[in-house]
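Source file my_file_3.txt; content: compact mmCIF, N, CA and C atoms.
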```txt
# COMPACT_ATOMS: atom_id res chain seq x y z
N MET A 1 -3.38 2.65 -12.26
CA MET A 1 -2.88 2.56 -10.91
C MET A 1 -3.89 1.88 -9.98
N GLN A 2 -5.17 2.13 -10.23
CA GLN A 2 -6.19 1.54 -9.36
C GLN A 2 -6.15 0.01 -9.44
N ARG A 3 -6.04 -0.51 -10.65
CA ARG A 3 -6.01 -1.96 -10.82
C ARG A 3 -4.77 -2.55 -10.15
N ALA A 4 -3.63 -1.88 -10.31
CA ALA A 4 -2.39 -2.38 -9.71
C ALA A 4 -2.48 -2.40 -8.18
N VAL A 5 -3.08 -1.38 -7.60
CA VAL A 5 -3.20 -1.33 -6.15
C VAL A 5 -4.19 -2.39 -5.64
N ILE A 6 -5.24 -2.63 -6.38
CA ILE A 6 -6.17 -3.70 -5.99
C ILE A 6 -5.43 -5.04 -5.96
N ASN A 7 -4.63 -5.31 -6.97
CA ASN A 7 -3.84 -6.55 -7.00
C ASN A 7 -2.86 -6.60 -5.84
N LEU A 8 -2.24 -5.46 -5.54
CA LEU A 8 -1.31 -5.40 -4.42
C LEU A 8 -2.01 -5.70 -3.10
N PHE A 9 -3.17 -5.10 -2.90
CA PHE A 9 -3.92 -5.33 -1.67
C PHE A 9 -4.33 -6.80 -1.53
N GLU A 10 -4.62 -7.46 -2.63
CA GLU A 10 -4.93 -8.89 -2.58
C GLU A 10 -3.71 -9.67 -2.11
N ARG A 11 -2.55 -9.31 -2.61
CA ARG A 11 -1.32 -10.00 -2.20
C ARG A 11 -0.97 -9.71 -0.75
N TRP A 12 -1.31 -8.51 -0.29
CA TRP A 12 -1.09 -8.18 1.12
C TRP A 12 -2.18 -8.77 2.00
N GLN A 13 -3.21 -9.34 1.40
CA GLN A 13 -4.34 -9.95 2.11
C GLN A 13 -5.05 -8.95 3.03
N LEU A 14 -5.39 -7.79 2.46
CA LEU A 14 -6.08 -6.76 3.21
C LEU A 14 -7.59 -6.94 3.11
N THR A 15 -8.27 -6.52 4.14
CA THR A 15 -9.73 -6.47 4.09
C THR A 15 -10.15 -5.23 3.30
N ASP A 16 -11.39 -5.19 2.89
CA ASP A 16 -11.89 -4.00 2.20
C ASP A 16 -11.81 -2.78 3.11
N GLU A 17 -12.03 -2.96 4.40
CA GLU A 17 -11.96 -1.86 5.35
C GLU A 17 -10.54 -1.30 5.42
N GLN A 18 -9.56 -2.18 5.48
CA GLN A 18 -8.17 -1.73 5.50
C GLN A 18 -7.83 -1.01 4.20
N ALA A 19 -8.25 -1.59 3.09
CA ALA A 19 -7.95 -1.01 1.78
C ALA A 19 -8.53 0.39 1.64
N THR A 20 -9.79 0.54 2.03
CA THR A 20 -10.43 1.85 1.87
C THR A 20 -9.78 2.90 2.76
N LEU A 21 -9.33 2.51 3.95
CA LEU A 21 -8.64 3.46 4.82
C LEU A 21 -7.31 3.90 4.21
N LEU A 22 -6.55 2.94 3.67
CA LEU A 22 -5.28 3.29 3.04
C LEU A 22 -5.47 4.20 1.83
N LEU A 23 -6.63 4.11 1.22
CA LEU A 23 -6.93 4.94 0.05
C LEU A 23 -7.58 6.26 0.42
N GLY A 24 -7.49 6.64 1.68
CA GLY A 24 -8.02 7.93 2.10
C GLY A 24 -9.44 7.86 2.58
N ASP A 25 -9.83 6.69 3.06
CA ASP A 25 -11.18 6.46 3.58
C ASP A 25 -12.24 6.65 2.50
N ILE A 26 -11.94 6.11 1.31
CA ILE A 26 -12.95 6.15 0.24
C ILE A 26 -14.10 5.24 0.62
N ALA A 27 -15.23 5.42 -0.02
CA ALA A 27 -16.40 4.59 0.27
C ALA A 27 -16.12 3.14 -0.09
N LYS A 28 -16.60 2.24 0.76
CA LYS A 28 -16.41 0.81 0.50
C LYS A 28 -17.04 0.42 -0.84
N ARG A 29 -18.16 1.02 -1.16
CA ARG A 29 -18.84 0.73 -2.44
C ARG A 29 -17.96 1.15 -3.64
N THR A 30 -17.29 2.27 -3.50
CA THR A 30 -16.39 2.73 -4.56
C THR A 30 -15.28 1.71 -4.77
N TYR A 31 -14.69 1.25 -3.67
CA TYR A 31 -13.62 0.26 -3.76
C TYR A 31 -14.14 -1.04 -4.38
N GLN A 32 -15.32 -1.46 -4.02
CA GLN A 32 -15.89 -2.68 -4.59
C GLN A 32 -16.12 -2.52 -6.09
N ARG A 33 -16.49 -1.32 -6.53
CA ARG A 33 -16.63 -1.07 -7.97
C ARG A 33 -15.27 -1.18 -8.67
N TRP A 34 -14.25 -0.65 -8.02
CA TRP A 34 -12.91 -0.77 -8.59
C TRP A 34 -12.56 -2.24 -8.81
N LYS A 35 -12.93 -3.08 -7.87
CA LYS A 35 -12.60 -4.50 -7.98
C LYS A 35 -13.30 -5.17 -9.16
N THR A 36 -14.35 -4.54 -9.67
CA THR A 36 -15.02 -5.05 -10.88
C THR A 36 -14.61 -4.23 -12.11
N ARG A 37 -13.51 -3.50 -11.98
CA ARG A 37 -12.90 -2.70 -13.06
C ARG A 37 -13.77 -1.53 -13.52
N HIS A 38 -14.52 -0.97 -12.61
CA HIS A 38 -15.29 0.25 -12.88
C HIS A 38 -14.64 1.37 -12.08
N TYR A 39 -13.67 2.01 -12.72
CA TYR A 39 -12.87 3.03 -12.06
C TYR A 39 -13.49 4.41 -12.27
N GLY A 40 -13.37 5.22 -11.27
CA GLY A 40 -13.86 6.59 -11.36
C GLY A 40 -12.71 7.57 -11.39
N ARG A 41 -13.06 8.81 -11.19
CA ARG A 41 -12.05 9.87 -11.17
C ARG A 41 -11.17 9.73 -9.94
N VAL A 42 -9.96 10.20 -10.08
CA VAL A 42 -9.00 10.12 -8.99
C VAL A 42 -8.62 11.54 -8.57
N SER A 43 -8.81 11.84 -7.30
CA SER A 43 -8.43 13.15 -6.78
C SER A 43 -6.91 13.23 -6.64
N VAL A 44 -6.42 14.41 -6.37
CA VAL A 44 -4.98 14.60 -6.18
C VAL A 44 -4.50 13.79 -4.99
N ASP A 45 -5.26 13.81 -3.89
CA ASP A 45 -4.89 13.05 -2.70
C ASP A 45 -4.85 11.55 -3.00
N LEU A 46 -5.87 11.06 -3.69
CA LEU A 46 -5.93 9.64 -4.02
C LEU A 46 -4.79 9.24 -4.95
N ALA A 47 -4.47 10.09 -5.91
CA ALA A 47 -3.35 9.81 -6.82
C ALA A 47 -2.04 9.72 -6.04
N ALA A 48 -1.86 10.59 -5.06
CA ALA A 48 -0.65 10.56 -4.24
C ALA A 48 -0.59 9.27 -3.42
N ARG A 49 -1.74 8.84 -2.91
CA ARG A 49 -1.79 7.60 -2.15
C ARG A 49 -1.45 6.40 -3.04
N LEU A 50 -2.06 6.35 -4.22
CA LEU A 50 -1.79 5.26 -5.15
C LEU A 50 -0.31 5.23 -5.52
N SER A 51 0.25 6.40 -5.77
CA SER A 51 1.66 6.48 -6.14
C SER A 51 2.56 5.97 -5.01
N ASN A 52 2.27 6.37 -3.78
CA ASN A 52 3.08 5.92 -2.65
C ASN A 52 2.94 4.42 -2.42
N LEU A 53 1.74 3.89 -2.56
CA LEU A 53 1.54 2.45 -2.39
C LEU A 53 2.31 1.67 -3.45
N LEU A 54 2.30 2.15 -4.68
CA LEU A 54 3.06 1.46 -5.73
C LEU A 54 4.56 1.64 -5.52
N GLY A 55 4.97 2.77 -4.95
CA GLY A 55 6.38 2.96 -4.60
C GLY A 55 6.82 2.00 -3.51
N ILE A 56 5.94 1.75 -2.55
CA ILE A 56 6.23 0.77 -1.49
C ILE A 56 6.37 -0.62 -2.11
N HIS A 57 5.47 -0.94 -3.01
CA HIS A 57 5.53 -2.24 -3.69
C HIS A 57 6.84 -2.38 -4.47
N LYS A 58 7.22 -1.36 -5.21
CA LYS A 58 8.46 -1.41 -6.00
C LYS A 58 9.67 -1.61 -5.08
N ALA A 59 9.71 -0.86 -3.99
CA ALA A 59 10.84 -0.99 -3.06
C ALA A 59 10.91 -2.39 -2.49
N LEU A 60 9.77 -2.96 -2.13
CA LEU A 60 9.77 -4.32 -1.59
C LEU A 60 10.24 -5.33 -2.62
N ARG A 61 9.86 -5.13 -3.87
CA ARG A 61 10.31 -6.04 -4.94
C ARG A 61 11.82 -5.95 -5.11
N LEU A 62 12.38 -4.77 -4.94
CA LEU A 62 13.82 -4.61 -5.07
C LEU A 62 14.58 -5.14 -3.85
N LEU A 63 13.98 -5.04 -2.69
CA LEU A 63 14.64 -5.48 -1.46
C LEU A 63 14.58 -6.98 -1.24
N PHE A 64 13.50 -7.62 -1.69
CA PHE A 64 13.30 -9.05 -1.43
C PHE A 64 13.25 -9.82 -2.74
N SER A 65 14.16 -10.77 -2.90
CA SER A 65 14.13 -11.61 -4.11
C SER A 65 12.95 -12.58 -4.06
N ASP A 66 12.52 -12.95 -2.86
CA ASP A 66 11.35 -13.81 -2.68
C ASP A 66 10.13 -12.89 -2.53
N THR A 67 9.29 -12.84 -3.55
CA THR A 67 8.16 -11.90 -3.54
C THR A 67 7.21 -12.15 -2.37
N ASN A 68 7.00 -13.40 -1.99
CA ASN A 68 6.11 -13.68 -0.87
C ASN A 68 6.65 -13.10 0.43
N ARG A 69 7.95 -13.12 0.58
CA ARG A 69 8.56 -12.53 1.77
C ARG A 69 8.34 -11.02 1.78
N GLY A 70 8.44 -10.41 0.60
CA GLY A 70 8.18 -8.97 0.49
C GLY A 70 6.74 -8.63 0.83
N TYR A 71 5.80 -9.42 0.32
CA TYR A 71 4.39 -9.16 0.61
C TYR A 71 4.11 -9.35 2.10
N GLY A 72 4.75 -10.33 2.71
CA GLY A 72 4.54 -10.58 4.14
C GLY A 72 5.17 -9.54 5.04
N TRP A 73 6.21 -8.86 4.55
CA TRP A 73 6.91 -7.84 5.35
C TRP A 73 5.96 -6.77 5.86
N VAL A 74 4.97 -6.45 5.09
CA VAL A 74 4.04 -5.37 5.42
C VAL A 74 3.33 -5.63 6.75
N LYS A 75 3.11 -6.88 7.09
CA LYS A 75 2.37 -7.21 8.32
C LYS A 75 3.28 -7.65 9.48
N ARG A 76 4.57 -7.77 9.23
CA ARG A 76 5.49 -8.19 10.29
C ARG A 76 5.90 -7.00 11.15
N SER A 77 6.07 -7.23 12.43
CA SER A 77 6.51 -6.15 13.32
C SER A 77 7.93 -5.73 12.94
N ASN A 78 8.22 -4.48 13.20
CA ASN A 78 9.49 -3.90 12.78
C ASN A 78 10.02 -3.03 13.92
N THR A 79 11.21 -3.32 14.37
CA THR A 79 11.78 -2.53 15.47
C THR A 79 11.95 -1.07 15.09
N ASP A 80 12.19 -0.78 13.81
CA ASP A 80 12.33 0.61 13.37
C ASP A 80 11.01 1.38 13.43
N PHE A 81 9.92 0.67 13.54
CA PHE A 81 8.60 1.30 13.70
C PHE A 81 8.07 1.10 15.12
N GLY A 82 8.99 0.93 16.06
CA GLY A 82 8.59 0.76 17.46
C GLY A 82 7.85 -0.53 17.72
N GLY A 83 8.16 -1.57 16.95
CA GLY A 83 7.51 -2.87 17.11
C GLY A 83 6.22 -3.01 16.32
N LYS A 84 5.78 -1.94 15.69
CA LYS A 84 4.58 -2.01 14.84
C LYS A 84 4.96 -2.50 13.45
N SER A 85 3.97 -2.99 12.75
CA SER A 85 4.20 -3.37 11.35
C SER A 85 4.04 -2.14 10.46
N ALA A 86 4.52 -2.25 9.24
CA ALA A 86 4.34 -1.17 8.27
C ALA A 86 2.85 -0.92 8.04
N LEU A 87 2.07 -2.00 8.01
CA LEU A 87 0.63 -1.84 7.82
C LEU A 87 0.02 -1.03 8.96
N GLU A 88 0.43 -1.31 10.19
CA GLU A 88 -0.09 -0.55 11.32
C GLU A 88 0.25 0.93 11.20
N ILE A 89 1.44 1.23 10.72
CA ILE A 89 1.84 2.63 10.51
C ILE A 89 0.95 3.25 9.44
N MET A 90 0.78 2.56 8.32
CA MET A 90 -0.01 3.09 7.22
C MET A 90 -1.48 3.24 7.59
N MET A 91 -1.97 2.41 8.49
CA MET A 91 -3.37 2.46 8.89
C MET A 91 -3.69 3.69 9.72
N GLY A 92 -2.69 4.52 9.99
CA GLY A 92 -2.96 5.80 10.63
C GLY A 92 -3.90 6.64 9.79
N GLY A 93 -3.96 6.33 8.50
CA GLY A 93 -4.93 6.96 7.62
C GLY A 93 -4.46 8.21 6.91
N GLN A 94 -3.34 8.74 7.30
CA GLN A 94 -2.84 9.97 6.68
C GLN A 94 -1.90 9.65 5.52
N LEU A 95 -1.87 10.51 4.54
CA LEU A 95 -0.94 10.35 3.42
C LEU A 95 0.50 10.28 3.94
N THR A 96 0.79 11.06 4.96
CA THR A 96 2.14 11.07 5.52
C THR A 96 2.53 9.71 6.13
N ASP A 97 1.54 8.92 6.55
CA ASP A 97 1.83 7.58 7.07
C ASP A 97 2.35 6.68 5.95
N LEU A 98 1.73 6.78 4.78
CA LEU A 98 2.21 6.02 3.62
C LEU A 98 3.59 6.50 3.22
N MET A 99 3.77 7.81 3.23
CA MET A 99 5.06 8.39 2.84
C MET A 99 6.16 7.96 3.80
N ARG A 100 5.85 7.83 5.07
CA ARG A 100 6.85 7.40 6.05
C ARG A 100 7.37 6.01 5.72
N VAL A 101 6.45 5.09 5.40
CA VAL A 101 6.86 3.72 5.06
C VAL A 101 7.65 3.73 3.76
N ARG A 102 7.20 4.50 2.79
CA ARG A 102 7.92 4.54 1.51
C ARG A 102 9.33 5.10 1.70
N ARG A 103 9.46 6.19 2.44
CA ARG A 103 10.80 6.77 2.68
C ARG A 103 11.70 5.76 3.41
N TYR A 104 11.14 5.05 4.37
CA TYR A 104 11.91 4.04 5.10
C TYR A 104 12.46 2.99 4.13
N LEU A 105 11.58 2.47 3.27
CA LEU A 105 12.01 1.44 2.32
C LEU A 105 13.02 1.98 1.31
N ASP A 106 12.80 3.19 0.85
CA ASP A 106 13.75 3.80 -0.08
C ASP A 106 15.12 3.95 0.58
N ALA A 107 15.14 4.31 1.86
CA ALA A 107 16.40 4.44 2.58
C ALA A 107 17.08 3.08 2.74
N GLN A 108 16.30 2.02 2.93
CA GLN A 108 16.86 0.67 3.03
C GLN A 108 17.48 0.20 1.73
N ARG A 109 16.95 0.71 0.63
CA ARG A 109 17.45 0.31 -0.71
C ARG A 109 18.80 0.93 -1.03
N GLY A 110 19.09 2.08 -0.47
CA GLY A 110 20.36 2.71 -0.81
C GLY A 110 20.46 4.11 -0.27
N ASN A 111 21.46 4.82 -0.73
CA ASN A 111 21.72 6.17 -0.25
C ASN A 111 20.71 7.15 -0.81
N TRP A 112 19.80 7.57 0.05
CA TRP A 112 18.77 8.56 -0.35
C TRP A 112 18.92 9.78 0.48
```

Mind converting the file's structure to structure tokens?
Amino acid sequence: MQRAVINLFERWQLTDEQATLLLGDIAKRTYQRWKTRHYGRVSVDLAARLSNLLGIHKALRLLFSDTNRGYGWVKRSNTDFGGKSALEIMMGGQLTDLMRVRRYLDAQRGNW
């Protein structure tokens, strides 16, 4: 999951600071090690964050046939988020912020 999320963050064009915050404010050095494929233990909170981020990615892949449009959606303003982007919502830093975006996308995909 760590490798997949690193690839996702590259496609979303996130900074290391943004990435570490989305991952529960892990140390920047830890994240940089991940980028060189030196993965460590994953806490329950971190596993939940990774799972939600990959769920967001899956939902975007299902919603957008053009993958670049899906990757760009994360940074575009959204009226359903009060004019904020999904990334701005997720940057709140709480697991529930990631869950909010995931639930929103799941609801857009169909009857949930």

d(CA of His38 (chain A), CA of Leu23 (chain A)) in Å: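 So the answer is 16.1 Å.
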
Find the residue from A:Asn78, A:Ser65, A:Asn52, A:Gln2 that sits nearest to Trp34 (chain A); use only N, CA and C atoms when measuring.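 Closest to Trp34 (chain A), using only N, CA and C atoms: A:Gln2.
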
Hey, could you make a per-residue contact list for region 16-42 of chain A against region 88-101 of chain A with 8 Å as the cut-off, showing the nearest pair of atoms and its distance in Å to one decimal, counting only N, CA and C atoms, sorted by chain and number, as JSON lines?
```
{"residue": "A:Gln18", "atom": "CA", "partner": "A:Met91", "partner_atom": "CA", "distance": 7.2}
{"residue": "A:Thr20", "atom": "C", "partner": "A:Gly93", "partner_atom": "CA", "distance": 8.0}
{"residue": "A:Leu21", "atom": "C", "partner": "A:Gly93", "partner_atom": "CA", "distance": 5.2}
{"residue": "A:Leu22", "atom": "N", "partner": "A:Gly93", "partner_atom": "CA", "distance": 5.9}
{"residue": "A:Leu23", "atom": "N", "partner": "A:Gly93", "partner_atom": "CA", "distance": 7.2}
{"residue": "A:Gly24", "atom": "CA", "partner": "A:Gly93", "partner_atom": "C", "distance": 6.0}
{"residue": "A:Asp25", "atom": "N", "partner": "A:Gly93", "partner_atom": "CA", "distance": 6.7}
```

By how many Å are atom N of Val42 (chain A) and atom C of Met1 (chain A) apart?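 Atom N of Val42 (chain A) sits 10.3 Å away from atom C of Met1 (chain A).
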
Could you work out an axis-aligned box for region 33-48 of chain A, taking every atom the file lists and adding 3 Å on each side, and report centre and edge lengths in Å to one decimal, as AutoDock Vina command-line options?
```
--center_x -8.6 --center_y 4.7 --center_z -8.1 --size_x 22.0 --size_y 25.8 --size_z 16.8
```

Among the residues A:Asp45, A:Gly70, A:Ala86, A:Leu63, the one that comes closest to Ala107 (chain A) [using only C-alpha atoms]: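 Nearest to Ala107 (chain A): A:Leu63.
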